[in-house]
Each structure stands twice: as structure tokens, then as C-alpha cells.
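Content type mmCIF, C-alpha atoms, from the file work.cif:
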data_work
#
loop_
_atom_site.group_PDB
_atom_site.id
_atom_site.type_symbol
_atom_site.label_atom_id
_atom_site.label_comp_id
_atom_site.auth_asym_id
_atom_site.auth_seq_id
_atom_site.Cartn_x
_atom_site.Cartn_y
_atom_site.Cartn_z
ATOM 1 C CA MET X 1 20.918 58.159 8.548
ATOM 2 C CA THR X 2 21.878 56.068 11.574
ATOM 3 C CA VAL X 3 21.348 52.348 11.105
ATOM 4 C CA PRO X 4 21.176 50.079 14.175
ATOM 5 C CA ARG X 5 24.192 47.789 14.568
ATOM 6 C CA SER X 6 21.867 44.816 14.564
ATOM 7 C CA PHE X 7 20.364 45.687 11.171
ATOM 8 C CA PRO X 8 22.581 43.265 9.174
ATOM 9 C CA VAL X 9 21.349 40.404 11.380
ATOM 10 C CA PHE X 10 17.750 41.549 10.981
ATOM 11 C CA ALA X 11 18.140 41.814 7.193
ATOM 12 C CA ILE X 12 19.637 38.325 6.777
ATOM 13 C CA VAL X 13 17.138 36.623 9.098
ATOM 14 C CA PHE X 14 14.262 38.563 7.504
ATOM 15 C CA ALA X 15 15.228 37.364 4.005
ATOM 16 C CA VAL X 16 15.562 33.750 5.160
ATOM 17 C CA ALA X 17 12.472 33.660 7.388
ATOM 18 C CA TYR X 18 10.305 35.489 4.864
ATOM 19 C CA THR X 19 11.239 33.123 2.069
ATOM 20 C CA VAL X 20 10.667 29.999 4.162
ATOM 21 C CA ALA X 21 7.384 31.347 5.567
ATOM 22 C CA TYR X 22 6.195 32.302 2.087
ATOM 23 C CA VAL X 23 6.941 28.856 0.652
ATOM 24 C CA ILE X 24 5.041 27.223 3.531
ATOM 25 C CA ALA X 25 2.171 29.732 3.259
ATOM 26 C CA VAL X 26 1.755 28.993 -0.465
ATOM 27 C CA TRP X 27 2.313 25.240 -0.144
ATOM 28 C CA LYS X 28 -0.100 24.724 2.774
ATOM 29 C CA ASN X 29 -2.324 27.695 1.853
ATOM 30 C CA TYR X 30 -2.037 29.828 4.998
ATOM 31 C CA PRO X 31 -3.227 33.300 3.953
ATOM 32 C CA LEU X 32 -3.837 35.812 6.720
ATOM 33 C CA PHE X 33 -6.817 37.010 4.691
ATOM 34 C CA THR X 34 -8.603 36.435 1.400
ATOM 35 C CA TYR X 35 -9.324 39.135 -1.150
ATOM 36 C CA HIS X 36 -12.277 38.931 -3.533
ATOM 37 C CA PRO X 37 -11.280 41.105 -6.508
ATOM 38 C CA ALA X 38 -14.703 41.149 -8.150
ATOM 39 C CA THR X 39 -16.474 42.593 -5.099
ATOM 40 C CA ASN X 40 -13.451 44.298 -3.497
ATOM 41 C CA GLU X 41 -14.071 42.444 -0.220
ATOM 42 C CA PHE X 42 -11.653 41.060 2.351
ATOM 43 C CA GLY X 43 -12.165 38.173 4.755
ATOM 44 C CA TRP X 44 -9.986 36.672 7.466
ATOM 45 C CA GLY X 45 -8.181 33.419 6.675
ATOM 46 C CA ILE X 46 -9.313 31.260 3.768
ATOM 47 C CA GLU X 47 -12.596 32.087 2.103
ATOM 48 C CA LYS X 48 -14.061 30.308 -0.906
ATOM 49 C CA PRO X 49 -14.614 32.122 -4.212
ATOM 50 C CA LYS X 50 -17.829 34.138 -4.473
ATOM 51 C CA ASP X 51 -20.119 34.183 -7.520
ATOM 52 C CA GLY X 52 -17.743 32.060 -9.554
ATOM 53 C CA VAL X 53 -15.013 34.712 -9.431
ATOM 54 C CA PRO X 54 -11.733 33.379 -8.024
ATOM 55 C CA ALA X 55 -10.584 34.503 -4.597
ATOM 56 C CA MET X 56 -7.056 35.864 -4.213
ATOM 57 C CA TYR X 57 -4.811 34.457 -1.498
ATOM 58 C CA TRP X 58 -1.570 36.097 -2.694
ATOM 59 C CA TYR X 59 -1.943 39.206 -0.518
ATOM 60 C CA GLY X 60 -2.787 36.977 2.440
ATOM 61 C CA TRP X 61 0.317 34.848 1.904
ATOM 62 C CA ILE X 62 2.419 38.025 1.761
ATOM 63 C CA ALA X 63 0.855 39.285 5.008
ATOM 64 C CA THR X 64 1.433 35.955 6.770
ATOM 65 C CA SER X 65 5.085 35.895 5.682
ATOM 66 C CA THR X 66 5.665 39.558 6.573
ATOM 67 C CA ILE X 67 4.485 39.006 10.142
ATOM 68 C CA ALA X 68 6.490 35.788 10.565
ATOM 69 C CA ALA X 69 9.676 37.287 9.106
ATOM 70 C CA SER X 70 9.386 40.547 11.065
ATOM 71 C CA VAL X 71 9.030 38.639 14.326
ATOM 72 C CA ALA X 72 11.957 36.342 13.463
ATOM 73 C CA GLY X 73 14.122 39.289 12.400
ATOM 74 C CA LEU X 74 13.361 41.311 15.526
ATOM 75 C CA ILE X 75 14.062 38.346 17.797
ATOM 76 C CA ALA X 76 17.368 37.697 16.004
ATOM 77 C CA SER X 77 18.406 41.343 16.241
ATOM 78 C CA TYR X 78 18.003 41.232 20.031
ATOM 79 C CA LEU X 79 20.155 38.124 20.424
ATOM 80 C CA PRO X 80 23.631 38.635 21.938
ATOM 81 C CA GLN X 81 26.275 39.617 19.395
ATOM 82 C CA ARG X 82 28.405 36.572 20.214
ATOM 83 C CA LEU X 83 25.586 34.396 18.836
ATOM 84 C CA THR X 84 24.930 36.413 15.692
ATOM 85 C CA GLN X 85 28.429 37.498 14.639
ATOM 86 C CA ARG X 86 29.078 34.210 12.833
ATOM 87 C CA LEU X 87 25.817 34.391 10.861
ATOM 88 C CA TRP X 88 26.790 33.815 7.224
ATOM 89 C CA SER X 89 25.582 36.654 4.988
ATOM 90 C CA GLY X 90 25.210 34.204 2.086
ATOM 91 C CA TRP X 91 22.021 32.777 3.596
ATOM 92 C CA SER X 92 20.326 35.951 2.342
ATOM 93 C CA TRP X 93 20.664 34.720 -1.255
ATOM 94 C CA VAL X 94 21.049 30.931 -0.883
ATOM 95 C CA VAL X 95 17.644 30.409 0.751
ATOM 96 C CA PRO X 96 15.719 32.706 -1.652
ATOM 97 C CA LEU X 97 17.419 31.016 -4.612
ATOM 98 C CA CYS X 98 16.406 27.587 -3.273
ATOM 99 C CA ALA X 99 12.855 28.860 -2.779
ATOM 100 C CA MET X 100 12.722 29.912 -6.427
ATOM 101 C CA LEU X 101 13.659 26.349 -7.428
ATOM 102 C CA VAL X 102 11.019 24.978 -5.041
ATOM 103 C CA PHE X 103 8.376 27.118 -6.744
ATOM 104 C CA CYS X 104 9.496 25.838 -10.150
ATOM 105 C CA TYR X 105 8.948 22.308 -8.822
ATOM 106 C CA MET X 106 5.604 23.161 -7.183
ATOM 107 C CA LEU X 107 4.281 24.657 -10.420
ATOM 108 C CA ARG X 108 5.673 21.936 -12.708
ATOM 109 C CA ASN X 109 2.181 20.675 -13.627
ATOM 110 C CA TYR X 110 1.542 23.858 -15.595
ATOM 111 C CA PHE X 111 4.320 22.821 -17.954
ATOM 112 C CA LEU X 112 3.724 19.047 -18.042
ATOM 113 C CA ARG X 113 0.094 19.040 -19.220
ATOM 114 C CA MET M 114 -7.572 53.540 -16.361
ATOM 115 C CA ILE M 115 -6.101 50.039 -16.250
ATOM 116 C CA THR M 116 -4.277 50.673 -19.535
ATOM 117 C CA THR M 117 -2.725 53.830 -18.067
ATOM 118 C CA LEU M 118 -1.596 51.882 -15.008
ATOM 119 C CA LEU M 119 -0.182 49.157 -17.221
ATOM 120 C CA ILE M 120 1.865 51.720 -19.171
ATOM 121 C CA ILE M 121 3.145 53.255 -15.904
ATOM 122 C CA HIS M 122 4.010 49.740 -14.690
ATOM 123 C CA ALA M 123 5.899 49.072 -17.919
ATOM 124 C CA LEU M 124 7.807 52.377 -17.763
ATOM 125 C CA LEU M 125 8.856 51.723 -14.162
ATOM 126 C CA ALA M 126 9.909 48.223 -15.184
ATOM 127 C CA VAL M 127 12.039 49.576 -18.042
ATOM 128 C CA ALA M 128 13.821 51.969 -15.671
ATOM 129 C CA LEU M 129 14.338 49.159 -13.158
ATOM 130 C CA LEU M 130 15.587 46.821 -15.875
ATOM 131 C CA GLY M 131 18.168 49.375 -16.986
ATOM 132 C CA ALA M 132 19.358 50.110 -13.452
ATOM 133 C CA ILE M 133 19.670 46.507 -12.276
ATOM 134 C CA THR M 134 21.340 45.417 -15.538
ATOM 135 C CA HIS M 135 23.870 48.236 -15.247
ATOM 136 C CA GLN M 136 24.649 47.243 -11.680
ATOM 137 C CA ALA M 137 24.809 43.498 -12.367
ATOM 138 C CA VAL M 138 27.126 43.922 -15.359
ATOM 139 C CA SER M 139 29.399 46.317 -13.488
ATOM 140 C CA VAL M 140 29.651 43.799 -10.622
ATOM 141 C CA TRP M 141 30.139 40.621 -12.655
ATOM 142 C CA LEU M 142 32.038 42.075 -15.639
ATOM 143 C CA PRO M 143 33.804 45.170 -14.292
ATOM 144 C CA ALA M 144 35.824 47.254 -16.736
ATOM 145 C CA ARG M 145 39.579 46.768 -16.133
ATOM 146 C CA LYS M 146 40.734 49.863 -17.996
ATOM 147 C CA PRO M 147 39.286 53.302 -18.818
ATOM 148 C CA ALA M 148 36.185 52.766 -20.909
ATOM 149 C CA GLY M 149 36.032 54.059 -24.439
ATOM 150 C CA SER M 150 33.342 51.963 -26.069
ATOM 151 C CA PHE M 151 29.615 51.843 -25.316
ATOM 152 C CA VAL M 152 29.958 48.386 -23.746
ATOM 153 C CA GLY M 153 32.979 49.481 -21.742
ATOM 154 C CA ARG M 154 31.141 52.466 -20.332
ATOM 155 C CA PHE M 155 28.131 50.246 -19.601
ATOM 156 C CA ARG M 156 30.418 48.019 -17.496
ATOM 157 C CA SER M 157 32.253 50.800 -15.692
ATOM 158 C CA VAL M 158 29.395 52.522 -13.857
ATOM 159 C CA ALA M 159 29.572 53.079 -10.086
ATOM 160 C CA ALA M 160 27.461 50.119 -8.943
ATOM 161 C CA PRO M 161 26.693 51.342 -5.377
ATOM 162 C CA SER M 162 25.015 54.484 -6.660
ATOM 163 C CA TYR M 163 22.263 52.362 -8.254
ATOM 164 C CA ALA M 164 21.182 50.510 -5.107
ATOM 165 C CA ASN M 165 18.689 52.997 -3.644
ATOM 166 C CA ALA M 166 17.138 53.721 -7.034
ATOM 167 C CA ILE M 167 16.758 49.988 -7.674
ATOM 168 C CA ILE M 168 14.988 49.487 -4.335
ATOM 169 C CA VAL M 169 12.583 52.388 -4.929
ATOM 170 C CA LEU M 170 11.857 51.281 -8.509
ATOM 171 C CA TYR M 171 11.399 47.635 -7.466
ATOM 172 C CA VAL M 172 8.890 48.547 -4.750
ATOM 173 C CA CYS M 173 7.009 51.008 -6.980
ATOM 174 C CA THR M 174 6.850 48.510 -9.866
ATOM 175 C CA ALA M 175 5.651 45.752 -7.525
ATOM 176 C CA VAL M 176 2.984 47.974 -5.932
ATOM 177 C CA VAL M 177 1.609 49.244 -9.258
ATOM 178 C CA GLY M 178 1.630 45.742 -10.766
ATOM 179 C CA GLY M 179 0.700 43.702 -7.723
ATOM 180 C CA VAL M 180 -1.795 45.978 -6.002
ATOM 181 C CA LEU M 181 -3.341 48.120 -8.734
ATOM 182 C CA ILE M 182 -3.259 45.856 -11.820
ATOM 183 C CA TYR M 183 -3.188 42.271 -10.542
ATOM 184 C CA PRO M 184 -6.856 42.116 -9.344
ATOM 185 C CA GLU M 185 -7.995 43.104 -12.836
ATOM 186 C CA PHE M 186 -5.790 40.348 -14.268
ATOM 187 C CA ARG M 187 -7.427 37.794 -11.955
ATOM 188 C CA VAL M 188 -10.942 38.866 -12.918
ATOM 189 C CA SER M 189 -10.627 39.659 -16.624
ATOM 190 C CA VAL M 190 -7.553 37.959 -18.058
ATOM 191 C CA ARG M 191 -6.702 34.792 -16.144
ATOM 192 C CA PRO M 192 -10.111 33.088 -16.639
ATOM 193 C CA VAL M 193 -9.782 33.576 -20.398
ATOM 194 C CA LEU M 194 -6.283 32.084 -20.439
ATOM 195 C CA GLU M 195 -7.599 29.108 -18.440
ATOM 196 C CA GLN M 196 -10.482 28.622 -20.881
ATOM 197 C CA LEU M 197 -8.005 28.673 -23.752
ATOM 198 C CA GLY M 198 -5.848 26.097 -21.959
ATOM 199 C CA LEU M 199 -2.768 28.326 -22.012
ATOM 200 C CA TRP M 200 -1.195 26.586 -19.018
ATOM 201 C CA ALA M 201 2.469 27.358 -19.693
ATOM 202 C CA PRO M 202 1.891 31.152 -19.801
ATOM 203 C CA LEU M 203 -0.167 30.866 -16.612
ATOM 204 C CA GLY M 204 2.646 28.886 -15.002
ATOM 205 C CA VAL M 205 5.320 31.412 -15.873
ATOM 206 C CA PHE M 206 3.042 34.175 -14.584
ATOM 207 C CA ASP M 207 2.576 32.351 -11.262
ATOM 208 C CA LEU M 208 6.354 32.099 -11.048
ATOM 209 C CA LYS M 209 6.517 35.846 -11.709
ATOM 210 C CA GLU M 210 4.298 36.616 -8.716
ATOM 211 C CA HIS M 211 6.286 34.312 -6.406
ATOM 212 C CA PHE M 212 9.677 35.572 -7.648
ATOM 213 C CA THR M 213 8.492 39.150 -7.085
ATOM 214 C CA VAL M 214 7.757 38.420 -3.429
ATOM 215 C CA ILE M 215 11.101 36.651 -2.951
ATOM 216 C CA GLY M 216 12.822 39.705 -4.426
ATOM 217 C CA LEU M 217 10.924 42.018 -2.077
ATOM 218 C CA ALA M 218 11.988 39.909 0.905
ATOM 219 C CA SER M 219 15.635 40.228 -0.159
ATOM 220 C CA LEU M 220 15.602 44.034 -0.457
ATOM 221 C CA PRO M 221 16.576 44.791 3.184
ATOM 222 C CA ALA M 222 19.612 42.503 2.839
ATOM 223 C CA TYR M 223 20.402 43.930 -0.597
ATOM 224 C CA TRP M 224 20.271 47.476 0.814
ATOM 225 C CA ASN M 225 22.378 46.497 3.801
ATOM 226 C CA PHE M 226 25.202 44.966 1.741
ATOM 227 C CA TRP M 227 25.260 47.832 -0.787
ATOM 228 C CA ARG M 228 25.361 50.432 2.013
ATOM 229 C CA PRO M 229 28.697 52.271 2.046
ATOM 230 C CA PRO M 230 31.345 51.602 3.116
ATOM 231 C CA LEU M 231 31.264 48.341 1.173
ATOM 232 C CA ALA M 232 32.765 45.470 3.154
ATOM 233 C CA ASP M 233 35.082 43.241 1.126
ATOM 234 C CA GLN M 234 33.995 40.097 2.961
ATOM 235 C CA HIS M 235 30.442 40.585 1.643
ATOM 236 C CA ALA M 236 31.423 41.091 -2.009
ATOM 237 C CA ARG M 237 30.120 37.636 -3.014
ATOM 238 C CA THR M 238 26.815 38.198 -1.188
ATOM 239 C CA ARG M 239 26.438 41.592 -2.886
ATOM 240 C CA ALA M 240 27.125 40.084 -6.290
ATOM 241 C CA MET M 241 24.757 37.145 -5.785
ATOM 242 C CA LEU M 242 21.912 39.302 -4.449
ATOM 243 C CA THR M 243 22.341 41.626 -7.429
ATOM 244 C CA ALA M 244 22.372 38.699 -9.877
ATOM 245 C CA MET M 245 19.271 37.196 -8.271
ATOM 246 C CA LEU M 246 17.372 40.486 -8.429
ATOM 247 C CA ALA M 247 18.518 40.995 -12.025
ATOM 248 C CA PHE M 248 17.185 37.546 -12.950
ATOM 249 C CA ILE M 249 13.851 38.256 -11.222
ATOM 250 C CA VAL M 250 13.480 41.634 -12.917
ATOM 251 C CA TRP M 251 14.315 40.207 -16.367
ATOM 252 C CA TRP M 252 11.974 37.244 -15.826
ATOM 253 C CA ASN M 253 9.119 39.489 -14.681
ATOM 254 C CA PHE M 254 9.639 41.927 -17.526
ATOM 255 C CA LEU M 255 9.643 39.255 -20.228
ATOM 256 C CA VAL M 256 6.736 37.288 -18.742
ATOM 257 C CA GLY M 257 4.652 40.428 -18.320
ATOM 258 C CA HIS M 258 5.389 41.379 -21.915
ATOM 259 C CA VAL M 259 4.458 37.929 -23.251
ATOM 260 C CA LEU M 260 1.242 37.771 -21.205
ATOM 261 C CA ASN M 261 0.228 41.203 -22.402
ATOM 262 C CA ASN M 262 0.851 40.127 -25.972
ATOM 263 C CA ILE M 263 -1.384 37.076 -25.508
ATOM 264 C CA ARG M 264 -4.264 39.106 -24.145
ATOM 265 C CA GLY M 265 -3.657 42.771 -23.572
ATOM 266 C CA PHE M 266 -5.849 44.840 -21.331
ATOM 267 C CA GLY M 267 -8.715 46.450 -23.166
ATOM 268 C CA SER M 268 -8.797 43.717 -25.818
#
Is it possible to express this structure as C-alpha cells?
Amino acid sequence: MTVPRSFPVFAIVFAVAYTVAYVIAVWKNYPLFTYHPATNEFGWGIEKPKDGVPAMYWYGWIATSTIAASVAGLIASYLPQRLTQRLWSGWSWVVPLCAMLVFCYMLRNYFLR
Amino acid sequence: MITTLLIIHALLAVALLGAITHQAVSVWLPARKPAGSFVGRFRSVAAPSYANAIIVLYVCTAVVGGVLIYPEFRVSVRPVLEQLGLWAPLGVFDLKEHFTVIGLASLPAYWNFWRPPLADQHARTRAMLTAMLAFIVWWNFLVGHVLNNIRGFGS
């Protein structure tokens, strides 16, 4: 299988952009769509729960982040090589690791009740 | 049906747990001499050969759990846990869903750095990505197990 030479840049930027976009999407509640599991219905953006059954935003957050990260990764992979050759590969684990700590902080109230 | 899916999810998770643990141990604690013992052989596997299997298993486990089972959890299980005031288990489960997504986002990079020929200058990145995925997989496995013990499907 032939892999484009720009794939390493895409992969690093995708991991970083996805993680950052996902944290923001969860924190500010920016789902692309809402899913209502009880009725199996979808709706664009944020919709309130129906019939007392909670609405699910998780899939919407994933969709928002996937679009943002794909765009960022594609843009980065088209940048000149002289700009991307010094991109540190460690960002692909440092940023996700930091995001995991951010989620621990965001969800701290579950453990402090 | 949901019980069948849950068993499939668990079996995929067990396979993934074994593969990622093998790889992580062989990266962080490589065997220095020919292995004779069980632990030595566990440490001396060819780590790169696990990468594709780990990616496929991770995606399959996430799809079965996140797409096919999770809606049922939200409708039938989570409200009960909230009524019982089991906030810590709910918190660790929320972390599980977020960690899963972070792991998915890292898979292209993980695949890229485990793609042969392995570049020496990316050895630390490879090791850290593997350790991070191993932590996520272990966390998800244990949390899923605990949650199922609190209120299993079909109970």
C-alpha cells in the first residue's frame, strides 16, 4: 500500500486537532446533531430531551470533532514541507494525554459529591 | 439481543486487551536475552506485528460498544444509576466514553509510527502512544466490567 508522504503530518495534526476540538465540543456543548435513543431520532445541533428520556450528544460531539480535525489535517498536509518537517511527533500523544487530564478535571464533581 | 452484543463487545475487548498489553510490555520491558520463561516470552514478542490487529480490534470494540450498546445503556441503565446516586461509577463511565474517543483520534498517528520501517527518532512517540492506548483499553475494560456488575443488561 502506498502512503502519501504527507500522511505523518496529517496523522499528527489530526490527533491534536481532534482532541482539542473534542474537548471544546464537550465543554461548550457543540454537537453537530442530537440523537434521541428512545425514539431513534436525529436532529441537527442541540435538541432537548423528549418524553423525559435523555438526549445523546456524544455522537454529535464526535461528528463535530471529526470534521474539524479532518479539515485541519488536510490543510496541514498541503502545507510546504519546509513548514511541516520540524513538526514534533510527540504532539500526537502529549495533547491527547493533556485532554484526558482535562476530562478528569471537568468530571470531578462526580467524585466530590 | 443486547446481551449477545455485550458478550461480543467483551470478547473483542479481551482480544484487544491481550494484544495491546503484549505490545506495551514488549516496548517498555523488552527481553534482553532469549526468552525461556512465560514472562520472558510475553516480553519478547514482535511488537510491530500487533499494530494493525490492535487498530482493527479497537475500532470494532468501539463501534459495538459505542454504537450498538451505548443507546441501550442511556435508556435503561444510566437513569437507574442516577436514581441510586451512584455518581462515581457514572463518572468513571463518562471518562471511559471520552477516553475512547481520544484513543480513536490517536489511531492514525499510532498506525503511522508503527508502520515499517520503524524510524528510531520516533521510538519515544511509538512507546508513548502504545502506553496511552494500553491505559485507555485497561481503563475501559475495567470500568465496563464494574458497571456491568452493578447493573447488568437483562437484570
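Residues from chain X found within 7 Å of chain M are Pro8, Ala11, Ile12, Ala15, Tyr18, Thr19, Pro37, Ala38, Val53, Ser89, Gly90, Ser92, Trp93, Pro96, Met100, Phe103, Leu107, Tyr110 and Phe111 of chain X, counting all atoms listed in the file.
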Saved selection, atoms kept: C-alpha atoms, as an mmCIF file, in the frame of the given file:
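Final file, out14.cif:
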data_model
loop_
_atom_site.group_PDB
_atom_site.id
_atom_site.type_symbol
_atom_site.label_atom_id
_atom_site.label_comp_id
_atom_site.auth_asym_id
_atom_site.auth_seq_id
_atom_site.Cartn_x
_atom_site.Cartn_y
_atom_site.Cartn_z
ATOM 1 C CA PRO X 8 22.581 43.265 9.174
ATOM 2 C CA ALA X 11 18.140 41.814 7.193
ATOM 3 C CA ILE X 12 19.637 38.325 6.777
ATOM 4 C CA ALA X 15 15.228 37.364 4.005
ATOM 5 C CA TYR X 18 10.305 35.489 4.864
ATOM 6 C CA THR X 19 11.239 33.123 2.069
ATOM 7 C CA PRO X 37 -11.280 41.105 -6.508
ATOM 8 C CA ALA X 38 -14.703 41.149 -8.150
ATOM 9 C CA VAL X 53 -15.013 34.712 -9.431
ATOM 10 C CA SER X 89 25.582 36.654 4.988
ATOM 11 C CA GLY X 90 25.210 34.204 2.086
ATOM 12 C CA SER X 92 20.326 35.951 2.342
ATOM 13 C CA TRP X 93 20.664 34.720 -1.255
ATOM 14 C CA PRO X 96 15.719 32.706 -1.652
ATOM 15 C CA MET X 100 12.722 29.912 -6.427
ATOM 16 C CA PHE X 103 8.376 27.118 -6.744
ATOM 17 C CA LEU X 107 4.281 24.657 -10.420
ATOM 18 C CA TYR X 110 1.542 23.858 -15.595
ATOM 19 C CA PHE X 111 4.320 22.821 -17.954
#
- Task: Could you expand the PyMOL selection byres ((chain M and resi 252) around 10) into the explicit residues it covers here, written as a PyMOL selection string?
- Result: chain M and resi 205-206+208-209+212-213+246-251+253-258
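Here atom CA of M:Ala144 and atom CA of M:Ala166 stand 22.0 Å from one another.
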Using only C-alpha atoms, determine which residues lie at most 6 Å from stretch 59-75 of chain X, disregarding the query and same-chain residues fewer than 2 positions distant; provide the list as a PDB file with C-alpha atoms, in the frame of the given file.
ATOM      1  CA  PHE X  10      17.750  41.549  10.981  1.00  0.00           C
ATOM      2  CA  VAL X  13      17.138  36.623   9.098  1.00  0.00           C
ATOM      3  CA  PHE X  14      14.262  38.563   7.504  1.00  0.00           C
ATOM      4  CA  ALA X  17      12.472  33.660   7.388  1.00  0.00           C
ATOM      5  CA  TYR X  18      10.305  35.489   4.864  1.00  0.00           C
ATOM      6  CA  ALA X  21       7.384  31.347   5.567  1.00  0.00           C
ATOM      7  CA  TYR X  22       6.195  32.302   2.087  1.00  0.00           C
ATOM      8  CA  ALA X  25       2.171  29.732   3.259  1.00  0.00           C
ATOM      9  CA  PRO X  31      -3.227  33.300   3.953  1.00  0.00           C
ATOM     10  CA  LEU X  32      -3.837  35.812   6.720  1.00  0.00           C
ATOM     11  CA  PHE X  33      -6.817  37.010   4.691  1.00  0.00           C
ATOM     12  CA  THR X  34      -8.603  36.435   1.400  1.00  0.00           C
ATOM     13  CA  TYR X  57      -4.811  34.457  -1.498  1.00  0.00           C
ATOM     14  CA  SER X  77      18.406  41.343  16.241  1.00  0.00           C
ATOM     15  CA  TYR X  78      18.003  41.232  20.031  1.00  0.00           C
TER      16      TYR X  78
END
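In this model, the gap between atom CA of X:Val94 and atom CA of M:Pro229 comes to 22.9 Å.
Taking atom CA of M:Thr117 as the reference point, atom CA of M:Val190 is found at 16.6 Å.
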- Message: With the PyMOL selection byres ((chain M and resi 124-133) around 7) as the selection, what would be picked from this file? Answer as a ChimeraX atom specification, please.
- Response: /M:120-123,134-137,163,167,170-171,174,247,250-251,254
Provide an axis-aligned box for all listed atoms of stretch 135-154 of chain M, padding each side by 3 Å; report its centre and its edge lengths in Å to one decimal, as AutoDock Vina command-line options.
--center_x 32.3 --center_y 47.3 --center_z -18.3 --size_x 22.9 --size_y 19.4 --size_z 21.4
- Query: Could you tell me, as an NGL selection string, which residues have any atom at most 10 Å from (33.8, 52.5, -19.4), counting all atoms listed in the file?
  - Reply: :M and (139 or 143-158)
Written selection (C-alpha atoms) as a compact mmCIF listing (two decimals), in the coordinates of the input:
# COMPACT_ATOMS: atom_id res chain seq x y z
CA SER M 139 29.40 46.32 -13.49
CA PRO M 143 33.80 45.17 -14.29
CA ALA M 144 35.82 47.25 -16.74
CA ARG M 145 39.58 46.77 -16.13
CA LYS M 146 40.73 49.86 -18.00
CA PRO M 147 39.29 53.30 -18.82
CA ALA M 148 36.18 52.77 -20.91
CA GLY M 149 36.03 54.06 -24.44
CA SER M 150 33.34 51.96 -26.07
CA PHE M 151 29.62 51.84 -25.32
CA VAL M 152 29.96 48.39 -23.75
CA GLY M 153 32.98 49.48 -21.74
CA ARG M 154 31.14 52.47 -20.33
CA PHE M 155 28.13 50.25 -19.60
CA ARG M 156 30.42 48.02 -17.50
CA SER M 157 32.25 50.80 -15.69
CA VAL M 158 29.40 52.52 -13.86
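Using all atoms listed in the file, the protein and nucleic acid residues lying no more than 9 Å from X:Pro49, apart from those fewer than 6 places from it along its own chain, are His36, Ala55 and Met56 of chain X.
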Can you complete the atoms of stretch 222-236 of chain M to N, CA and C atoms and list them as a CSV table (one decimal), in the coordinates of the input?
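Final file, out_33.csv:
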chain,number,residue,atom,x,y,z
M,222,ALA,N,18.2,43.0,2.9
M,222,ALA,CA,19.6,42.5,2.8
M,222,ALA,C,20.4,43.2,1.7
M,223,TYR,N,19.8,43.3,0.6
M,223,TYR,CA,20.4,43.9,-0.6
M,223,TYR,C,20.8,45.3,-0.2
M,224,TRP,N,19.9,46.1,0.4
M,224,TRP,CA,20.3,47.5,0.8
M,224,TRP,C,21.4,47.5,1.8
M,225,ASN,N,21.3,46.6,2.8
M,225,ASN,CA,22.4,46.5,3.8
M,225,ASN,C,23.8,46.3,3.2
M,226,PHE,N,23.9,45.3,2.3
M,226,PHE,CA,25.2,45.0,1.7
M,226,PHE,C,25.7,45.9,0.7
M,227,TRP,N,24.8,46.8,0.1
M,227,TRP,CA,25.3,47.8,-0.8
M,227,TRP,C,25.5,49.2,-0.1
M,228,ARG,N,25.2,49.2,1.2
M,228,ARG,CA,25.4,50.4,2.0
M,228,ARG,C,26.8,50.7,2.2
M,229,PRO,N,27.3,52.0,1.8
M,229,PRO,CA,28.7,52.3,2.0
M,229,PRO,C,29.0,52.4,3.5
M,230,PRO,N,30.2,52.1,3.9
M,230,PRO,CA,31.3,51.6,3.1
M,230,PRO,C,31.1,50.1,2.8
M,231,LEU,N,31.5,49.7,1.6
M,231,LEU,CA,31.3,48.3,1.2
M,231,LEU,C,32.3,47.4,1.8
M,232,ALA,N,31.8,46.4,2.5
M,232,ALA,CA,32.8,45.5,3.2
M,232,ALA,C,33.2,44.4,2.1
M,233,ASP,N,34.5,44.2,2.1
M,233,ASP,CA,35.1,43.2,1.1
M,233,ASP,C,34.6,41.8,1.4
M,234,GLN,N,34.4,41.5,2.7
M,234,GLN,CA,34.0,40.1,3.0
M,234,GLN,C,32.6,39.8,2.5
M,235,HIS,N,31.8,40.8,2.1
M,235,HIS,CA,30.4,40.6,1.6
M,235,HIS,C,30.3,40.8,0.1
M,236,ALA,N,31.5,40.8,-0.6
M,236,ALA,CA,31.4,41.1,-2.0
M,236,ALA,C,30.6,40.0,-2.7
